[in-house]
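Shown next: structure_35.cif, given as mmCIF, C-alpha atoms.
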```cif
data_upload
loop_
_atom_site.label_atom_id
_atom_site.label_comp_id
_atom_site.auth_asym_id
_atom_site.auth_seq_id
_atom_site.Cartn_x
_atom_site.Cartn_y
_atom_site.Cartn_z
CA MET A 1 6.38 -2.44 -0.48
CA GLY A 2 3.44 -0.06 -0.61
CA VAL A 3 1.77 1.48 -3.66
CA VAL A 4 2.76 1.23 -7.32
CA VAL A 5 0.90 3.57 -9.64
CA VAL A 6 0.87 2.73 -13.35
CA GLY A 7 -0.45 5.56 -15.47
CA SER A 8 -0.08 8.87 -17.26
CA ALA A 9 1.90 12.01 -16.52
CA ASN A 10 1.09 15.36 -18.13
CA MET A 11 2.19 18.94 -17.95
CA ASP A 12 -1.04 20.81 -17.13
CA VAL A 13 -1.52 24.12 -18.93
CA VAL A 14 -4.28 25.84 -16.97
CA THR A 15 -6.31 28.92 -17.81
CA ARG A 16 -8.81 30.34 -15.35
CA VAL A 17 -11.89 31.66 -17.14
CA PRO A 18 -15.19 33.28 -16.11
CA ARG A 19 -17.05 30.18 -17.37
CA ILE A 20 -16.35 27.16 -19.55
CA PRO A 21 -16.58 28.43 -23.16
CA GLY A 22 -19.25 27.04 -25.46
CA PRO A 23 -18.70 25.85 -29.06
CA GLY A 24 -17.25 28.62 -31.18
CA GLU A 25 -16.87 30.98 -28.22
CA THR A 26 -13.68 32.91 -27.39
CA LEU A 27 -13.03 34.04 -23.81
CA LEU A 28 -10.27 36.11 -22.27
CA ALA A 29 -8.50 34.16 -19.52
CA LEU A 30 -8.23 35.56 -16.01
CA SER A 31 -4.89 33.82 -15.39
CA PHE A 32 -2.51 31.18 -16.76
CA ALA A 33 -0.34 28.57 -15.03
CA ARG A 34 1.60 25.35 -15.67
CA GLY A 35 1.96 22.45 -13.25
CA GLY A 36 2.22 18.70 -12.83
CA GLY A 37 -0.76 16.57 -13.85
CA GLY A 38 -1.91 13.34 -15.46
CA LYS A 39 -4.15 10.90 -13.63
CA GLY A 40 -1.35 8.48 -12.83
CA ALA A 41 1.12 11.08 -11.60
CA ASN A 42 -1.60 12.87 -9.62
CA GLN A 43 -2.54 9.65 -7.86
CA ALA A 44 1.10 8.88 -7.13
CA VAL A 45 1.57 12.29 -5.50
CA ALA A 46 -1.61 11.79 -3.45
CA ALA A 47 -0.50 8.33 -2.32
CA ALA A 48 2.96 9.58 -1.34
CA ARG A 49 1.59 12.56 0.60
CA ALA A 50 -0.92 10.34 2.42
CA GLY A 51 1.98 9.35 4.66
CA GLY A 52 3.57 6.00 5.47
CA ALA A 53 3.17 4.14 2.17
CA GLN A 54 6.16 3.94 -0.15
CA THR A 55 4.97 5.00 -3.62
CA VAL A 56 6.46 4.15 -7.02
CA PHE A 57 5.32 5.69 -10.30
CA VAL A 58 5.45 3.64 -13.51
CA GLY A 59 4.86 5.72 -16.63
CA ALA A 60 6.59 7.58 -19.46
CA LEU A 61 8.00 11.08 -19.92
CA GLY A 62 9.58 12.79 -22.92
CA ARG A 63 13.19 13.88 -23.28
CA ASP A 64 12.24 17.51 -22.77
CA ALA A 65 12.01 20.26 -20.18
CA ASP A 66 8.44 19.31 -19.24
CA GLY A 67 9.54 15.74 -18.59
CA ASP A 68 12.39 16.93 -16.38
CA ALA A 69 10.04 19.22 -14.45
CA LEU A 70 7.45 16.49 -13.90
CA ARG A 71 10.08 13.99 -12.73
CA GLU A 72 11.44 16.55 -10.27
CA GLY A 73 7.95 17.35 -8.98
CA LEU A 74 7.17 13.68 -8.38
CA ALA A 75 10.46 13.16 -6.55
CA ASP A 76 9.87 16.25 -4.40
CA ALA A 77 6.51 14.77 -3.37
CA GLY A 78 8.24 11.61 -2.19
CA VAL A 79 7.46 9.40 -5.21
CA ASP A 80 10.07 6.88 -6.40
CA THR A 81 10.76 7.84 -10.04
CA GLY A 82 13.47 5.26 -10.74
CA VAL A 83 11.56 3.15 -13.29
CA ILE A 84 9.88 5.87 -15.37
CA SER A 85 10.36 5.21 -19.11
CA VAL A 86 11.91 7.90 -21.30
CA SER A 87 10.27 8.42 -24.68
CA ASP A 88 11.26 10.20 -27.88
CA ALA A 89 7.68 11.52 -28.01
CA PRO A 90 7.05 14.81 -26.20
CA THR A 91 5.81 14.72 -22.63
CA GLY A 92 2.02 14.54 -22.38
CA THR A 93 0.10 17.80 -22.09
CA ALA A 94 -3.33 18.64 -20.67
CA LEU A 95 -5.07 21.86 -21.72
CA ILE A 96 -7.38 22.83 -18.86
CA SER A 97 -9.96 25.58 -18.50
CA VAL A 98 -11.13 26.23 -14.93
CA ALA A 99 -14.26 28.31 -14.37
CA GLU A 100 -14.83 30.65 -11.43
CA ASP A 101 -17.25 28.12 -9.87
CA GLY A 102 -14.45 25.50 -9.85
CA GLU A 103 -15.70 23.36 -12.73
CA ASN A 104 -13.28 22.44 -15.51
CA ALA A 105 -12.95 21.26 -19.10
CA ILE A 106 -9.87 19.29 -20.17
CA VAL A 107 -8.26 18.27 -23.47
CA VAL A 108 -5.36 15.79 -23.18
CA VAL A 109 -2.53 15.33 -25.70
CA GLY A 110 -1.10 11.86 -25.03
CA GLY A 111 2.50 12.34 -26.18
CA ALA A 112 4.82 10.01 -24.27
CA ASN A 113 1.81 8.43 -22.54
CA ALA A 114 0.55 7.19 -25.92
CA ASP A 115 4.05 5.86 -26.67
CA PHE A 116 4.02 3.79 -23.45
CA THR A 117 2.83 0.44 -24.83
CA GLU A 118 4.66 -2.15 -22.73
CA LEU A 119 6.28 -2.62 -19.34
CA SER A 120 10.03 -3.07 -19.07
CA GLY A 121 11.42 -5.93 -17.05
CA GLU A 122 12.37 -3.54 -14.25
CA GLN A 123 8.90 -2.05 -14.22
CA ARG A 124 7.32 -5.51 -13.99
CA GLU A 125 9.61 -6.29 -11.08
CA ARG A 126 8.51 -3.18 -9.17
CA VAL A 127 4.84 -3.92 -9.87
CA GLY A 128 5.40 -7.41 -8.48
CA GLN A 129 6.57 -5.89 -5.18
CA ALA A 130 3.45 -3.77 -4.62
CA ASP A 131 0.92 -4.24 -1.85
CA VAL A 132 -1.52 -2.08 -3.81
CA LEU A 133 -1.45 -1.47 -7.56
CA LEU A 134 -3.28 1.61 -8.84
CA ALA A 135 -4.07 2.17 -12.51
CA GLN A 136 -6.34 4.29 -14.69
CA LEU A 137 -7.31 4.34 -18.39
CA GLU A 138 -5.24 7.27 -19.74
CA ILE A 139 -2.59 4.84 -21.02
CA ALA A 140 -2.79 1.79 -23.29
CA PRO A 141 -5.13 -0.85 -21.80
CA GLU A 142 -2.63 -3.59 -22.60
CA VAL A 143 -0.14 -1.92 -20.23
CA VAL A 144 -2.74 -1.74 -17.46
CA LEU A 145 -3.64 -5.40 -17.98
CA ALA A 146 0.02 -6.46 -18.04
CA ALA A 147 0.60 -4.63 -14.76
CA ALA A 148 -2.43 -6.27 -13.16
CA GLN A 149 -1.21 -9.68 -14.25
CA ALA A 150 2.32 -8.93 -12.98
CA ARG A 151 1.24 -8.15 -9.42
CA SER A 152 2.04 -10.64 -6.71
CA GLU A 153 -0.49 -12.97 -5.13
CA GLY A 154 -2.31 -11.08 -2.39
CA ALA A 155 -1.66 -7.63 -3.88
CA THR A 156 -4.77 -5.48 -4.41
CA PHE A 157 -5.47 -4.10 -7.89
CA VAL A 158 -7.43 -0.84 -7.72
CA LEU A 159 -8.67 0.28 -11.14
CA ASN A 160 -9.89 3.83 -11.53
CA ALA A 161 -11.82 3.31 -14.79
CA ALA A 162 -11.31 6.86 -16.05
CA PRO A 163 -11.64 8.23 -18.61
CA SER A 164 -14.60 6.02 -19.52
CA ALA A 165 -13.87 3.00 -21.71
CA PRO A 166 -15.27 -0.54 -21.91
CA LEU A 167 -13.21 -3.16 -20.09
CA SER A 168 -12.15 -6.48 -21.58
CA GLU A 169 -13.16 -9.71 -19.88
CA GLN A 170 -9.49 -10.19 -18.97
CA MET A 171 -9.47 -6.81 -17.22
CA TRP A 172 -12.70 -7.48 -15.34
CA ALA A 173 -11.18 -10.72 -14.06
CA GLU A 174 -8.21 -8.87 -12.54
CA VAL A 175 -10.01 -6.00 -10.75
CA ASP A 176 -10.15 -6.16 -6.96
CA VAL A 177 -11.50 -2.64 -6.34
CA LEU A 178 -13.22 -0.60 -9.05
CA VAL A 179 -13.38 3.18 -8.54
CA VAL A 180 -15.60 5.30 -10.82
CA ASN A 181 -17.61 8.49 -10.65
CA GLU A 182 -21.34 8.37 -11.38
CA HIS A 183 -20.91 9.16 -15.09
CA GLU A 184 -18.22 6.50 -15.52
CA ALA A 185 -20.41 4.03 -13.61
CA ALA A 186 -23.25 4.63 -16.07
CA ASP A 187 -20.91 4.32 -19.06
CA LEU A 188 -19.45 1.04 -17.82
CA ALA A 189 -22.86 -0.40 -16.97
CA GLU A 190 -24.09 0.58 -20.44
CA SER A 191 -21.12 -1.28 -21.97
CA LEU A 192 -22.32 -4.33 -20.02
CA GLY A 193 -25.80 -4.07 -21.50
CA ALA A 194 -27.61 -2.04 -18.83
CA PRO A 195 -30.83 -0.69 -20.42
CA ASP A 196 -30.62 2.86 -19.04
CA ARG A 197 -28.27 5.25 -17.24
CA ASP A 198 -29.96 5.12 -13.84
CA LEU A 199 -27.25 5.23 -11.17
CA ASP A 200 -28.81 2.57 -8.91
CA ALA A 201 -29.16 0.21 -11.84
CA ALA A 202 -25.58 0.93 -12.91
CA VAL A 203 -24.27 0.25 -9.42
CA ASP A 204 -26.15 -3.06 -9.27
CA ARG A 205 -24.76 -4.10 -12.66
CA LEU A 206 -21.16 -3.23 -11.72
CA ALA A 207 -21.49 -4.97 -8.35
CA GLU A 208 -22.17 -8.18 -10.27
CA ARG A 209 -18.70 -7.97 -11.83
CA VAL A 210 -16.45 -6.93 -8.93
CA SER A 211 -16.30 -7.77 -5.25
CA ALA A 212 -15.56 -4.17 -4.24
CA LEU A 213 -16.84 -0.96 -5.84
CA VAL A 214 -16.44 2.71 -4.96
CA VAL A 215 -18.61 5.29 -6.74
CA THR A 216 -17.61 8.90 -6.11
CA LEU A 217 -20.52 11.35 -6.06
CA GLY A 218 -18.87 14.77 -5.87
CA GLY A 219 -20.47 16.90 -3.17
CA LYS A 220 -22.57 13.91 -2.04
CA GLY A 221 -19.54 11.89 -0.97
CA CYS A 222 -19.11 8.33 -2.20
CA LEU A 223 -20.79 4.94 -2.13
CA VAL A 224 -18.78 1.88 -1.11
CA LEU A 225 -20.01 -1.61 -1.98
CA GLN A 226 -18.16 -4.63 -0.70
CA ASP A 227 -19.56 -8.15 -0.59
CA ARG A 228 -22.98 -6.63 -1.44
CA ARG A 229 -22.82 -4.36 1.62
CA ARG A 230 -23.46 -0.66 0.88
CA THR A 231 -21.94 2.18 2.89
CA GLN A 232 -22.53 5.86 2.14
CA VAL A 233 -19.48 7.97 3.01
CA PRO A 234 -20.50 11.64 3.32
CA ALA A 235 -18.57 14.48 1.72
CA VAL A 236 -16.96 17.31 3.64
CA ARG A 237 -18.86 20.51 2.79
CA VAL A 238 -16.54 23.04 1.15
CA THR A 239 -16.61 25.80 -1.45
CA PRO A 240 -14.63 24.54 -4.47
CA VAL A 241 -11.94 26.67 -6.08
CA ASP A 242 -10.66 24.12 -8.61
CA THR A 243 -11.95 20.56 -9.00
CA THR A 244 -9.02 19.49 -11.22
CA GLY A 245 -7.39 16.40 -9.74
CA ALA A 246 -9.86 15.97 -6.88
CA GLY A 247 -10.84 12.49 -8.05
CA ASP A 248 -7.19 11.53 -8.40
CA THR A 249 -6.51 12.77 -4.88
CA PHE A 250 -9.32 10.54 -3.62
CA VAL A 251 -8.01 7.46 -5.44
CA GLY A 252 -4.37 7.99 -4.48
CA VAL A 253 -5.16 8.45 -0.80
CA LEU A 254 -7.55 5.49 -0.85
CA GLY A 255 -4.80 3.29 -2.32
CA ALA A 256 -2.26 4.44 0.25
CA ARG A 257 -4.63 3.83 3.15
CA LEU A 258 -5.37 0.32 1.83
CA ALA A 259 -1.62 -0.34 1.72
CA LEU A 260 -1.38 0.87 5.31
CA GLY A 261 -4.01 -1.68 6.40
CA ASP A 262 -7.28 0.28 6.46
CA ASP A 263 -10.45 -1.40 5.27
CA LEU A 264 -12.12 -0.02 2.14
CA VAL A 265 -14.69 2.16 3.95
CA GLU A 266 -12.07 3.76 6.20
CA ALA A 267 -9.77 4.30 3.21
CA ALA A 268 -12.66 5.98 1.37
CA ARG A 269 -13.23 8.29 4.34
CA TRP A 270 -9.61 9.42 4.18
CA GLY A 271 -9.89 9.88 0.43
CA SER A 272 -13.08 11.93 0.75
CA VAL A 273 -11.52 14.35 3.23
CA ALA A 274 -8.37 14.69 1.11
CA ALA A 275 -10.43 15.43 -2.01
CA ALA A 276 -12.40 18.11 -0.14
CA LEU A 277 -9.15 19.81 0.83
CA ALA A 278 -7.84 19.51 -2.73
CA VAL A 279 -10.78 21.33 -4.36
CA GLN A 280 -10.14 24.37 -2.18
CA ARG A 281 -6.76 24.91 -3.87
CA PRO A 282 -5.73 25.54 -7.48
CA GLY A 283 -3.82 22.93 -9.47
CA ALA A 284 -3.88 19.15 -9.66
CA GLN A 285 -0.69 18.10 -7.84
CA ASP A 286 -0.21 21.46 -6.16
CA GLY A 287 -3.60 21.06 -4.50
CA VAL A 288 -2.95 17.59 -3.02
CA PRO A 289 -2.92 17.81 0.80
CA HIS A 290 -0.45 16.16 3.16
CA ALA A 291 -1.37 13.50 5.70
CA ASP A 292 -1.30 15.85 8.70
CA GLU A 293 -3.76 18.21 6.97
CA VAL A 294 -6.15 15.35 6.21
CA ARG A 295 -5.87 14.00 9.74
CA ALA A 296 -6.67 17.43 11.20
CA ALA A 297 -9.74 17.81 8.96
CA ARG A 298 -11.27 14.40 9.79
#
```
Let me see whether you can do it: turn the structure in this file into C-alpha cells.
Amino acid sequence: MGVVVVGSANMDVVTRVPRIPGPGETLLALSFARGGGGKGANQAVAAARAGGAQTVFVGALGRDADGDALREGLADAGVDTGVISVSDAPTGTALISVAEDGENAIVVVGGANADFTELSGEQRERVGQADVLLAQLEIAPEVVLAAAQARSEGATFVLNAAPSAPLSEQMWAEVDVLVVNEHEAADLAESLGAPDRDLDAAVDRLAERVSALVVTLGGKGCLVLQDRRRTQVPAVRVTPVDTTGAGDTFVGVLGARLALGDDLVEAARWGSVAAALAVQRPGAQDGVPHADEVRAAR
C-alpha cells in the first residue's frame, strides 16, 4: 500500500529570535508564526510529497481548532487522515525558538499525543497493509511496538529513535532500519553499555543490534550501514534558514523511496537532498519540498 506513519502531530508555535536564549534570559522575538508539526505528521507530509507512495498517518488530534487545522494540512499534502484518533485532550503543541543562524530549541507539550496509548482495530488494519512502517519516539513506546508487531510479513519497519530513549529488547527485535542523528546514536549506544560517546564506537555498537542503520550527520551528510557495509552519503551544501523538521523530512522521504523500491543508500540520497532543501525554508511542514524539486536538485 505504501507508507504508514505512526507518530505525533503538533501545532508548532514558532518565534524567530536573534539567538537561542540562555537560562533566565528574555529576548524580543523577530517574528511569530503557527504551523503544522510533530515528528510523525512531519514525516507523513514528507513521505506524501516524495511522490508515488500512498501515505497514511496514524496518530491523535484534539477536538479543537488546532486539531482541525492539522488534519486539513495533512490532507492537503496528500496524506490519508482517515484513521486518526480524536482525543478529549488538547492537540499537541511545540514551542519553538529559531535563531538567525537556523538553529532551534524546542519544548513539546504532548496533549493528545500523550493520550494516544493504543491502536484501534482500524488503525491496526491499516498498519498491516503497509509496505513501509515509519515510527518515532514522541508517542507511547507501547503504541510503536504494537504497530511494529502488527505489520505484515515482508513490511519494513523504520524506527527514527528520536527523541532519545532506551529501546526495549522487544523493540530492538522488530527494527529493520534504525535512523538516528549522531547525538541519538551516542545515547542509544550508551544505553547498551558503550563506555564512551565516541561516534565510531556508537555506530559499531548499534550495528550489532540492527541489520540496517542510518546516522544523519547534519552538514556532513549521513552514514548508511547495511550488512556491515558502510556508505557515506554527502550532504548538499546550503545556507540554513530553519533546521526545524529537516530530520523528519529526511526520514519521511527515505521511507517513501524504500516503498517505491529504492535500496537504502539510494533512499538516503533522496532524503539528504530533500533535507537540504527543507532547511532553506521556514517551518517544519511548510518547508518540506515536493518530489520534482528534489529530483531537480539531485
I need the residue set behind the PyMOL selection byres ((chain A and resi 85) around 7) for this file; please write it as a VMD selection string. chain A and resid 59 to 61 83 to 84 86 to 87
Residue contacts of region 125-129 of chain A (6 Å, all atoms listed in the file) excluding same-chain residues fewer than 4 positions away, as a PDB file with C-alpha atoms, in the frame of the given file:
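Dumped to result-v7.pdb:
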```pdb
ATOM      1  CA  MET A   1       6.380  -2.440  -0.480  1.00  0.00           C
ATOM      2  CA  ALA A 150       2.320  -8.930 -12.980  1.00  0.00           C
ATOM      3  CA  ARG A 151       1.240  -8.150  -9.420  1.00  0.00           C
ATOM      4  CA  SER A 152       2.040 -10.640  -6.710  1.00  0.00           C
TER       5      SER A 152
END
```
Chain and number of each residue from the PyMOL selection byres ((chain A and resi 144) around 12), as a compact mmCIF listing (two decimals) with C-alpha atoms, in the coordinates of the input:
```txt
# COMPACT_ATOMS: atom_id res chain seq x y z
CA VAL A 4 2.76 1.23 -7.32
CA VAL A 5 0.90 3.57 -9.64
CA VAL A 6 0.87 2.73 -13.35
CA GLY A 7 -0.45 5.56 -15.47
CA SER A 8 -0.08 8.87 -17.26
CA GLY A 40 -1.35 8.48 -12.83
CA VAL A 58 5.45 3.64 -13.51
CA GLY A 59 4.86 5.72 -16.63
CA PHE A 116 4.02 3.79 -23.45
CA THR A 117 2.83 0.44 -24.83
CA GLU A 118 4.66 -2.15 -22.73
CA LEU A 119 6.28 -2.62 -19.34
CA ARG A 124 7.32 -5.51 -13.99
CA VAL A 127 4.84 -3.92 -9.87
CA LEU A 133 -1.45 -1.47 -7.56
CA LEU A 134 -3.28 1.61 -8.84
CA ALA A 135 -4.07 2.17 -12.51
CA GLN A 136 -6.34 4.29 -14.69
CA LEU A 137 -7.31 4.34 -18.39
CA GLU A 138 -5.24 7.27 -19.74
CA ILE A 139 -2.59 4.84 -21.02
CA ALA A 140 -2.79 1.79 -23.29
CA PRO A 141 -5.13 -0.85 -21.80
CA GLU A 142 -2.63 -3.59 -22.60
CA VAL A 143 -0.14 -1.92 -20.23
CA LEU A 145 -3.64 -5.40 -17.98
CA ALA A 146 0.02 -6.46 -18.04
CA ALA A 147 0.60 -4.63 -14.76
CA ALA A 148 -2.43 -6.27 -13.16
CA GLN A 149 -1.21 -9.68 -14.25
CA ALA A 150 2.32 -8.93 -12.98
CA ARG A 151 1.24 -8.15 -9.42
CA PHE A 157 -5.47 -4.10 -7.89
CA VAL A 158 -7.43 -0.84 -7.72
CA LEU A 159 -8.67 0.28 -11.14
CA ASN A 160 -9.89 3.83 -11.53
CA ALA A 161 -11.82 3.31 -14.79
CA LEU A 167 -13.21 -3.16 -20.09
CA SER A 168 -12.15 -6.48 -21.58
CA GLN A 170 -9.49 -10.19 -18.97
CA MET A 171 -9.47 -6.81 -17.22
CA TRP A 172 -12.70 -7.48 -15.34
CA GLU A 174 -8.21 -8.87 -12.54
CA VAL A 175 -10.01 -6.00 -10.75
```
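Considering the residues A:Gly52, A:Gly121, A:Pro21, A:Gly78 and counting all atoms listed in the file, Ala256 (chain A) has its shortest atom-to-atom contact with A:Gly52.
With distances restricted to all atoms listed in the file, A:Val17 is the closest residue to Gly102 (chain A) from A:Val179, A:Leu223, A:Val17, A:Leu260.
Nearest residue to Gly245 (chain A), choosing from A:Arg63, A:Arg71, A:Arg281, A:Arg19 and counting only C-alpha atoms: A:Arg281.
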In Å, with one decimal, what is the gap from CA of Val273 (chain A) to CA of Ala44 (chain A)? 17.2 Å
List the spatial neighbours of region 208-211 of chain A as a list in words - criterion: any atom at most 9 Å away, all atoms listed in the file, same-chain residues fewer than 6 positions off excluded.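 Non-adjacent residues within range: Trp172, Ala173, Val175, Asp176, Val177, Leu178, Leu225, Gln226, Asp227 and Arg228 of chain A.
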Could you rebuild region 266-277 of chain A with N, CA and C atoms and give me the result as a JSON list (two decimals), keeping the file's coordinate frame?
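And here's out-v6.json as it stands now:
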```json
[["chain", "number", "residue", "atom", "x", "y", "z"],
["A", 266, "GLU", "N", -12.94, 2.80, 5.51],
["A", 266, "GLU", "CA", -12.07, 3.76, 6.20],
["A", 266, "GLU", "C", -11.14, 4.46, 5.20],
["A", 267, "ALA", "N", -10.62, 3.69, 4.23],
["A", 267, "ALA", "CA", -9.77, 4.30, 3.21],
["A", 267, "ALA", "C", -10.55, 5.33, 2.40],
["A", 268, "ALA", "N", -11.82, 5.04, 2.11],
["A", 268, "ALA", "CA", -12.66, 5.98, 1.37],
["A", 268, "ALA", "C", -12.92, 7.24, 2.18],
["A", 269, "ARG", "N", -13.04, 7.10, 3.48],
["A", 269, "ARG", "CA", -13.23, 8.29, 4.34],
["A", 269, "ARG", "C", -12.01, 9.21, 4.26],
["A", 270, "TRP", "N", -10.83, 8.63, 4.33],
["A", 270, "TRP", "CA", -9.61, 9.42, 4.18],
["A", 270, "TRP", "C", -9.57, 10.10, 2.81],
["A", 271, "GLY", "N", -9.90, 9.33, 1.77],
["A", 271, "GLY", "CA", -9.89, 9.88, 0.43],
["A", 271, "GLY", "C", -10.88, 11.01, 0.25],
["A", 272, "SER", "N", -12.04, 10.89, 0.86],
["A", 272, "SER", "CA", -13.08, 11.93, 0.75],
["A", 272, "SER", "C", -12.63, 13.23, 1.40],
["A", 273, "VAL", "N", -12.02, 13.15, 2.56],
["A", 273, "VAL", "CA", -11.52, 14.35, 3.23],
["A", 273, "VAL", "C", -10.40, 14.99, 2.42],
["A", 274, "ALA", "N", -9.49, 14.16, 1.91],
["A", 274, "ALA", "CA", -8.37, 14.69, 1.11],
["A", 274, "ALA", "C", -8.88, 15.39, -0.14],
["A", 275, "ALA", "N", -9.88, 14.82, -0.81],
["A", 275, "ALA", "CA", -10.43, 15.43, -2.01],
["A", 275, "ALA", "C", -11.10, 16.77, -1.69],
["A", 276, "ALA", "N", -11.77, 16.85, -0.54],
["A", 276, "ALA", "CA", -12.40, 18.11, -0.14],
["A", 276, "ALA", "C", -11.37, 19.20, 0.09],
["A", 277, "LEU", "N", -10.23, 18.83, 0.66],
["A", 277, "LEU", "CA", -9.15, 19.81, 0.83],
["A", 277, "LEU", "C", -8.57, 20.21, -0.53]]
```
